[in-house]
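What follows is run-v6.tsv (TSV, C-alpha atoms and all ligand atoms).
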```tsv
chain	number	residue	atom	x	y	z
A	17	MET	CA	47.48	105.40	120.62
A	18	LEU	CA	44.86	102.67	120.56
A	19	GLU	CA	43.88	100.76	123.63
A	20	GLN	CA	46.46	97.99	124.11
A	21	ASP	CA	43.83	95.37	124.89
A	22	LEU	CA	45.53	92.55	122.95
A	23	VAL	CA	48.81	92.58	124.88
A	24	GLY	CA	49.79	89.01	125.76
A	25	GLN	CA	47.70	87.54	122.93
A	26	HIS	CA	49.11	85.59	119.98
A	27	TRP	CA	47.25	86.01	116.68
A	28	VAL	CA	48.16	83.93	113.65
A	29	ILE	CA	47.02	85.19	110.26
A	30	THR	CA	47.41	83.68	106.77
A	31	ALA	CA	47.45	85.98	103.75
A	32	GLY	CA	48.03	86.13	100.01
A	33	PRO	CA	47.80	83.38	97.43
A	34	THR	CA	49.49	80.01	97.51
A	35	MET	CA	51.75	79.01	94.65
A	36	GLU	CA	51.62	75.39	93.53
A	37	ALA	CA	54.50	74.24	91.35
A	38	ILE	CA	53.81	72.57	88.00
A	39	ASP	CA	57.52	72.26	87.26
A	40	PRO	CA	60.57	74.31	88.32
A	41	VAL	CA	59.45	77.35	86.24
A	42	ARG	CA	55.64	77.19	86.18
A	43	TYR	CA	52.95	77.31	88.83
A	44	ILE	CA	49.24	77.53	89.64
A	45	SER	CA	48.20	80.55	91.69
A	46	ASN	CA	45.56	83.30	91.95
A	47	HIS	CA	45.17	87.08	92.10
A	48	SER	CA	45.06	87.51	95.88
A	49	SER	CA	47.05	90.65	96.79
A	50	GLY	CA	47.39	89.83	100.51
A	51	LYS	CA	46.09	93.33	101.38
A	52	MET	CA	43.27	92.20	103.69
A	53	GLY	CA	45.43	89.77	105.70
A	54	TYR	CA	48.26	92.30	106.00
A	55	ALA	CA	45.79	95.00	107.14
A	56	LEU	CA	44.40	92.63	109.78
A	57	ALA	CA	47.93	91.90	111.00
A	58	ALA	CA	48.65	95.65	111.28
A	59	ALA	CA	45.38	96.26	113.14
A	60	ALA	CA	46.06	93.47	115.66
A	61	ILE	CA	49.62	94.74	116.24
A	62	ALA	CA	48.30	98.26	116.78
A	63	ARG	CA	46.31	96.93	119.74
A	64	GLY	CA	49.30	95.13	121.23
A	65	ALA	CA	48.94	91.55	119.92
A	66	SER	CA	51.94	89.46	118.97
A	67	VAL	CA	51.20	88.50	115.36
A	68	THR	CA	52.56	85.72	113.17
A	69	LEU	CA	51.73	86.45	109.54
A	70	ILE	CA	52.07	83.40	107.30
A	71	SER	CA	52.08	84.73	103.80
A	72	GLY	CA	52.13	83.39	100.27
A	73	PRO	CA	54.06	85.42	97.64
A	74	VAL	CA	52.80	89.05	97.55
A	75	GLN	CA	54.06	92.45	96.42
A	76	ILE	CA	53.38	94.35	99.64
A	77	THR	CA	55.53	94.95	102.71
A	78	ALA	CA	54.78	93.37	106.04
A	79	PRO	CA	53.66	95.65	108.90
A	80	VAL	CA	56.39	96.67	111.34
A	81	GLY	CA	56.58	94.37	114.34
A	82	VAL	CA	55.03	91.33	112.66
A	83	ASN	CA	56.64	87.90	112.71
A	84	LEU	CA	56.52	87.16	108.97
A	85	VAL	CA	56.76	83.60	107.71
A	86	ALA	CA	56.99	83.47	103.90
A	87	VAL	CA	55.65	80.32	102.26
A	88	LYS	CA	54.69	79.18	98.78
A	89	SER	CA	52.46	76.11	98.65
A	90	ALA	CA	49.38	75.22	100.69
A	91	ASN	CA	51.27	72.32	102.25
A	92	ASP	CA	54.02	74.70	103.38
A	93	MET	CA	51.38	77.11	104.71
A	94	LEU	CA	49.70	74.38	106.76
A	95	ALA	CA	53.06	73.22	108.18
A	96	ALA	CA	54.00	76.82	109.06
A	97	CYS	CA	50.63	77.34	110.80
A	98	GLU	CA	50.99	74.14	112.82
A	99	HIS	CA	54.50	75.16	113.79
A	100	ALA	CA	53.37	78.67	114.83
A	101	MET	CA	50.53	77.22	116.91
A	102	GLN	CA	52.35	74.49	118.82
A	103	SER	CA	50.92	76.23	121.84
A	104	GLN	CA	47.32	77.23	121.25
A	105	ALA	CA	47.01	80.70	119.74
A	106	ASP	CA	44.32	83.14	120.83
A	107	VAL	CA	43.04	83.87	117.33
A	108	PHE	CA	43.63	82.34	113.90
A	109	ILE	CA	42.44	84.23	110.82
A	110	GLY	CA	42.61	82.46	107.47
A	111	ALA	CA	42.72	85.34	105.00
A	112	ALA	CA	44.82	83.46	102.45
A	113	ALA	CA	43.38	82.47	99.08
A	114	VAL	CA	44.60	78.90	99.18
A	115	ALA	CA	44.72	77.11	95.83
A	116	ASP	CA	42.14	74.36	95.91
A	117	PHE	CA	44.27	72.00	93.84
A	118	LYS	CA	47.93	71.18	93.33
A	119	MET	CA	49.74	68.95	90.86
A	120	LYS	CA	49.43	65.26	91.68
A	121	MET	CA	53.13	65.10	90.88
A	122	ALA	CA	55.04	68.28	90.08
A	123	SER	CA	57.79	67.66	87.53
A	124	ASN	CA	61.41	67.95	88.73
A	125	GLN	CA	62.48	69.12	85.28
A	126	LYS	CA	61.01	71.79	83.02
A	127	MET	CA	58.22	70.12	81.04
A	128	LYS	CA	59.04	70.05	77.32
A	129	LYS	CA	56.62	71.11	74.60
A	130	GLN	CA	55.38	68.02	72.78
A	131	SER	CA	55.39	68.67	69.01
A	132	ASN	CA	52.93	65.87	68.24
A	133	THR	CA	49.92	67.19	70.20
A	134	ASP	CA	48.00	70.43	70.84
A	135	GLU	CA	46.74	69.29	74.20
A	136	LEU	CA	48.30	68.91	77.59
A	137	GLN	CA	46.60	67.29	80.54
A	138	LEU	CA	47.68	67.97	84.06
A	139	THR	CA	46.42	65.79	86.90
A	140	LEU	CA	45.54	67.82	89.97
A	141	VAL	CA	44.67	66.67	93.47
A	142	LYS	CA	42.97	68.55	96.31
A	143	ASN	CA	45.06	70.62	98.66
A	144	PRO	CA	44.49	70.23	102.40
A	145	ASP	CA	41.89	72.60	103.84
A	146	ILE	CA	44.20	74.55	106.13
A	147	ILE	CA	41.64	76.28	108.31
A	148	ALA	CA	39.42	73.21	108.69
A	149	THR	CA	42.45	71.13	109.70
A	150	LEU	CA	43.56	73.73	112.25
A	151	ALA	CA	40.01	74.10	113.62
A	152	GLN	CA	39.76	70.35	114.09
A	153	GLN	CA	43.07	70.39	115.96
A	154	LYS	CA	41.82	73.33	118.09
A	155	ARG	CA	45.01	75.24	117.32
A	156	ALA	CA	43.42	78.58	118.28
A	157	LYS	CA	40.70	79.60	120.71
A	158	ILE	CA	38.88	81.55	117.99
A	159	MET	CA	38.98	80.48	114.34
A	160	VAL	CA	38.07	83.08	111.73
A	161	GLY	CA	37.69	82.33	108.02
A	162	PHE	CA	36.89	84.27	104.88
A	163	ALA	CA	34.37	83.29	102.23
A	164	ALA	CA	34.63	84.77	98.77
A	165	GLU	CA	31.29	84.20	97.08
A	166	THR	CA	29.58	85.37	93.92
A	167	GLN	CA	25.99	84.49	94.88
A	168	ASN	CA	23.89	83.46	97.92
A	169	VAL	CA	26.68	85.03	99.97
A	170	ILE	CA	25.20	84.63	103.47
A	171	GLU	CA	23.78	81.17	102.90
A	172	TYR	CA	27.03	79.76	101.46
A	173	ALA	CA	29.14	81.47	104.13
A	174	LYS	CA	26.96	80.03	106.92
A	175	SER	CA	27.36	76.52	105.63
A	176	LYS	CA	31.13	77.09	105.35
A	177	LEU	CA	31.18	78.26	108.99
A	178	GLU	CA	29.63	74.99	110.08
A	179	ARG	CA	31.48	72.68	107.69
A	180	LYS	CA	34.90	74.06	108.61
A	181	GLY	CA	34.20	74.33	112.35
A	182	LEU	CA	34.76	78.11	112.55
A	183	ASP	CA	33.62	80.70	115.08
A	184	ILE	CA	33.40	83.64	112.67
A	185	ILE	CA	33.27	83.87	108.89
A	186	ILE	CA	33.81	87.08	106.94
A	187	ALA	CA	32.03	86.89	103.62
A	188	ASN	CA	32.49	89.10	100.61
A	189	ASP	CA	30.87	89.26	97.22
A	190	VAL	CA	33.69	88.88	94.72
A	191	SER	CA	31.38	89.40	91.74
A	192	ARG	CA	31.63	93.17	92.52
A	193	SER	CA	34.61	94.78	90.82
A	194	ASP	CA	34.85	97.74	93.28
A	195	ILE	CA	35.70	95.60	96.29
A	196	GLY	CA	37.62	92.47	97.21
A	197	PHE	CA	40.50	90.99	95.22
A	198	ASN	CA	43.28	93.49	94.61
A	199	GLN	CA	41.16	96.50	95.58
A	200	ASP	CA	41.91	98.88	98.45
A	201	GLU	CA	38.32	98.84	99.66
A	202	ASN	CA	36.20	96.00	100.86
A	203	GLN	CA	32.65	95.39	102.02
A	204	VAL	CA	31.95	92.30	104.01
A	205	THR	CA	29.30	90.48	105.99
A	206	VAL	CA	30.45	89.05	109.31
A	207	ILE	CA	28.66	85.89	110.35
A	208	THR	CA	28.74	83.91	113.59
A	209	ALA	CA	26.45	81.12	114.81
A	210	ASN	CA	23.95	83.71	116.07
A	211	LYS	CA	24.85	87.08	114.51
A	212	VAL	CA	25.04	88.73	111.09
A	213	TRP	CA	26.82	92.10	110.94
A	214	GLU	CA	27.35	94.27	107.86
A	215	PRO	CA	29.88	97.05	108.43
A	216	ALA	CA	29.86	99.84	105.84
A	217	LYS	CA	32.16	99.69	102.80
A	218	ALA	CA	35.57	100.96	103.91
A	219	THR	CA	39.27	100.81	103.14
A	220	LYS	CA	40.81	97.47	104.01
A	221	SER	CA	42.75	99.17	106.77
A	222	GLU	CA	39.66	100.77	108.39
A	223	LEU	CA	37.73	97.58	108.00
A	224	ALA	CA	40.57	95.55	109.51
A	225	SER	CA	40.43	97.64	112.71
A	226	GLN	CA	36.70	97.04	112.98
A	227	LEU	CA	37.10	93.33	112.32
A	228	VAL	CA	39.87	92.97	114.91
A	229	HIS	CA	37.59	94.76	117.40
A	230	PHE	CA	34.68	92.43	116.56
A	231	ILE	CA	36.84	89.30	116.84
A	232	HIS	CA	38.22	90.42	120.19
A	233	GLU	CA	34.74	91.22	121.54
A	234	HIS	CA	33.49	87.86	120.32
A	235	SER	CA	36.27	86.11	122.23
A	236	GLN	CA	35.28	87.71	125.55
A	237	PRO	CA	33.42	85.36	127.91
A	238	SER	CA	30.94	88.10	128.84
A	239	ARG	CA	29.70	88.70	125.28
B	301	LIG	O1	36.41	76.88	100.85
B	301	LIG	P1	36.82	78.29	100.60
B	301	LIG	O2	38.11	78.39	99.86
B	301	LIG	O3	35.78	79.16	100.03
B	301	LIG	O4	37.03	78.84	102.09
B	301	LIG	C1	37.64	80.03	102.35
B	301	LIG	C2	38.28	80.02	103.71
B	301	LIG	O5	38.99	78.80	103.94
B	301	LIG	C3	39.35	81.09	103.83
B	301	LIG	O6	39.41	81.47	105.19
B	301	LIG	C4	40.61	80.37	103.38
B	301	LIG	O7	41.78	80.98	103.91
B	301	LIG	C5	40.38	78.99	103.95
B	301	LIG	N1	40.97	77.89	103.16
B	301	LIG	C6	42.01	77.15	103.71
B	301	LIG	N2	42.53	76.09	103.01
B	301	LIG	C7	42.03	75.75	101.80
B	301	LIG	C8	40.98	76.51	101.23
B	301	LIG	C9	40.48	77.57	101.95
B	301	LIG	O8	42.46	77.46	104.82
B	301	LIG	N3	42.55	74.72	101.14
```
The structure given in the file should be rewritten as structure tokens.
Ligand code: C5P
Amino acid sequence: MLEQDLVGQHWVITAGPTMEAIDPVRYISNHSSGKMGYALAAAAIARGASVTLISGPVQITAPVGVNLVAVKSANDMLAACEHAMQSQADVFIGAAAVADFKMKMASNQKMKKQSNTDELQLTLVKNPDIIATLAQQKRAKIMVGFAAETQNVIEYAKSKLERKGLDIIIANDVSRSDIGFNQDENQVTVITANKVWEPAKATKSELASQLVHFIHEHSQPSR
């Protein structure tokens, strides 16, 4: 049994994709499997934390003991996070792949095919930035984000850390097909205001334990 050093702590974790309705039968989404966020939830529970996992639609089962809140859109995810963190949480981890845009106005009815044109234009508007909003509201003592990059990984992740007001950002190179989206393994770079740490490539579950350990250490006043 692992050291129960997170007993009494509340961790809130987002995971999976968001699903933005176009009409009642169609949507905009992405390939996020939710595996990394679910593994982080399991790792935090294993050390005694109380974990709220706010998840977009995924095909995997939630870890035993988690408080699962299933959501679809980014707006729903933000509302669920704010609700879960009415009292300040200890740690928030944004592992969800939030859709950047949603329909300006989703249709209430199924959109019909127009026979007189080969083109269809949809007007999209920006979704709220969930983690930046929660960081601004100081909803958790420690705010942890992910950064999926394809180039200049550390540089882009560092600027995201500052722009979004985060304490820790976990960057991964999604141009590599052996890690990241939908894979069981991941390799990341962990970045704080004054540290860069590169744990070895590992399964998402092994990596999650190391990340939970790092986040907990980082939150200690004596660090
Ligand atoms: O800006 P980008 O999507 O690269 O940032 C990734 C980080 O921000 C992730 O932690 C993700 O969960 C979070 N995010 C968010 N709301 C958005 C977009 C990203 O919370 N609308």
For ligand LIG 301 (chain B), the nearest of the candidates A:Gln125, A:Gln199, A:Ser89, A:Thr208, counting all atoms listed in the file: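 Checking each candidate against ligand LIG 301 (chain B), we get A:Ser89 as the closest.
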Close residues, Trp213 in chain A itself excluded, 12 Å, only C-alpha atoms, min 2 positions apart in chain, as a ChimeraX atom specification: /A:170,184-187,203-211,215-216,226-227,230-231
Just-selected residues, C-alpha atoms written as a PDB file, in the frame of the given file:
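Okay, this is what ended up in again_28.pdb:
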```pdb
ATOM      1  CA  ILE A 170      25.200  84.630 103.470  1.00  0.00           C
ATOM      2  CA  ILE A 184      33.400  83.640 112.670  1.00  0.00           C
ATOM      3  CA  ILE A 185      33.270  83.870 108.890  1.00  0.00           C
ATOM      4  CA  ILE A 186      33.810  87.080 106.940  1.00  0.00           C
ATOM      5  CA  ALA A 187      32.030  86.890 103.620  1.00  0.00           C
ATOM      6  CA  GLN A 203      32.650  95.390 102.020  1.00  0.00           C
ATOM      7  CA  VAL A 204      31.950  92.300 104.010  1.00  0.00           C
ATOM      8  CA  THR A 205      29.300  90.480 105.990  1.00  0.00           C
ATOM      9  CA  VAL A 206      30.450  89.050 109.310  1.00  0.00           C
ATOM     10  CA  ILE A 207      28.660  85.890 110.350  1.00  0.00           C
ATOM     11  CA  THR A 208      28.740  83.910 113.590  1.00  0.00           C
ATOM     12  CA  ALA A 209      26.450  81.120 114.810  1.00  0.00           C
ATOM     13  CA  ASN A 210      23.950  83.710 116.070  1.00  0.00           C
ATOM     14  CA  LYS A 211      24.850  87.080 114.510  1.00  0.00           C
ATOM     15  CA  PRO A 215      29.880  97.050 108.430  1.00  0.00           C
ATOM     16  CA  ALA A 216      29.860  99.840 105.840  1.00  0.00           C
ATOM     17  CA  GLN A 226      36.700  97.040 112.980  1.00  0.00           C
ATOM     18  CA  LEU A 227      37.100  93.330 112.320  1.00  0.00           C
ATOM     19  CA  PHE A 230      34.680  92.430 116.560  1.00  0.00           C
ATOM     20  CA  ILE A 231      36.840  89.300 116.840  1.00  0.00           C
TER      21      ILE A 231
END
```
Residues within 9 Å of Leu140 in chain A, only C-alpha atoms, excluding chain neighbours under 4 positions, as JSON, numbers by chain: {"A": [117, 118, 119, 120, 121]}
Given 10 Å and all atoms listed in the file, residues near ligand LIG 301 (chain B) as number ranges by chain: A: 29-34, 53, 90-91, 93-94, 108-117, 142-151, 159-165, 172-173, 176-177, 179-180, 182, 184-187
For Ala58 in chain A: contacts at 12 Å, only C-alpha atoms, fewer than 6 positions along chain excluded, given as a list in words: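 Answer for this query is Trp27, Val28, Ile29, Lys51, Met52, Gly64, Ala65, Ser66, Val67, Thr68, Leu69, Thr77, Ala78, Pro79, Val80, Gly81, Val82, Asn83, Leu84, Lys220, Ser221, Glu222, Leu223, Ala224, Ser225, Leu227 and Val228 of chain A.
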Atomic separation - CA of Asp183 in chain A relative to CA of Ser48 in chain A, Å: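 CA of Ser48 in chain A sits 23.4 Å away from CA of Asp183 in chain A.
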Length of the CA of Asn188 in chain A to CA of Gln75 in chain A vector [Å]: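 That distance, rounded to one decimal, is 22.2 Å.
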As JSON: centre and edge lengths in Å, one decimal, of the axis-aligned box holding range 71-81 of chain A with 8 Å per side:
```
{"center_x": 54.3, "center_y": 90.0, "center_z": 105.4, "size_x": 20.5, "size_y": 29.3, "size_z": 33.9}
```
Expected answer as a list of chain:residue names: all residues with atoms within 10 Å of (49.3, 90.8, 122.2), all atoms listed in the file: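 Within the cut-off we find A:Gln20, A:Asp21, A:Leu22, A:Val23, A:Gly24, A:Gln25, A:His26, A:Trp27, A:Ala60, A:Ile61, A:Ala62, A:Arg63, A:Gly64, A:Ala65, A:Ser66, A:Val67, A:Asp106.
Among the candidates A:Ala37, A:Val212, A:Ile76, A:Leu138, the residue lying nearest to Val169 in chain A is A:Val212 (atoms considered: all atoms listed in the file).
Put simply, CA of Gly181 in chain A is 11.8 Å away from CA of Lys157 in chain A.
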Selected residue, from A:Asp194, A:Gln236, A:His47, A:Ala156, that lies nearest to Ala218 in chain A when counting only C-alpha atoms: A:Asp194
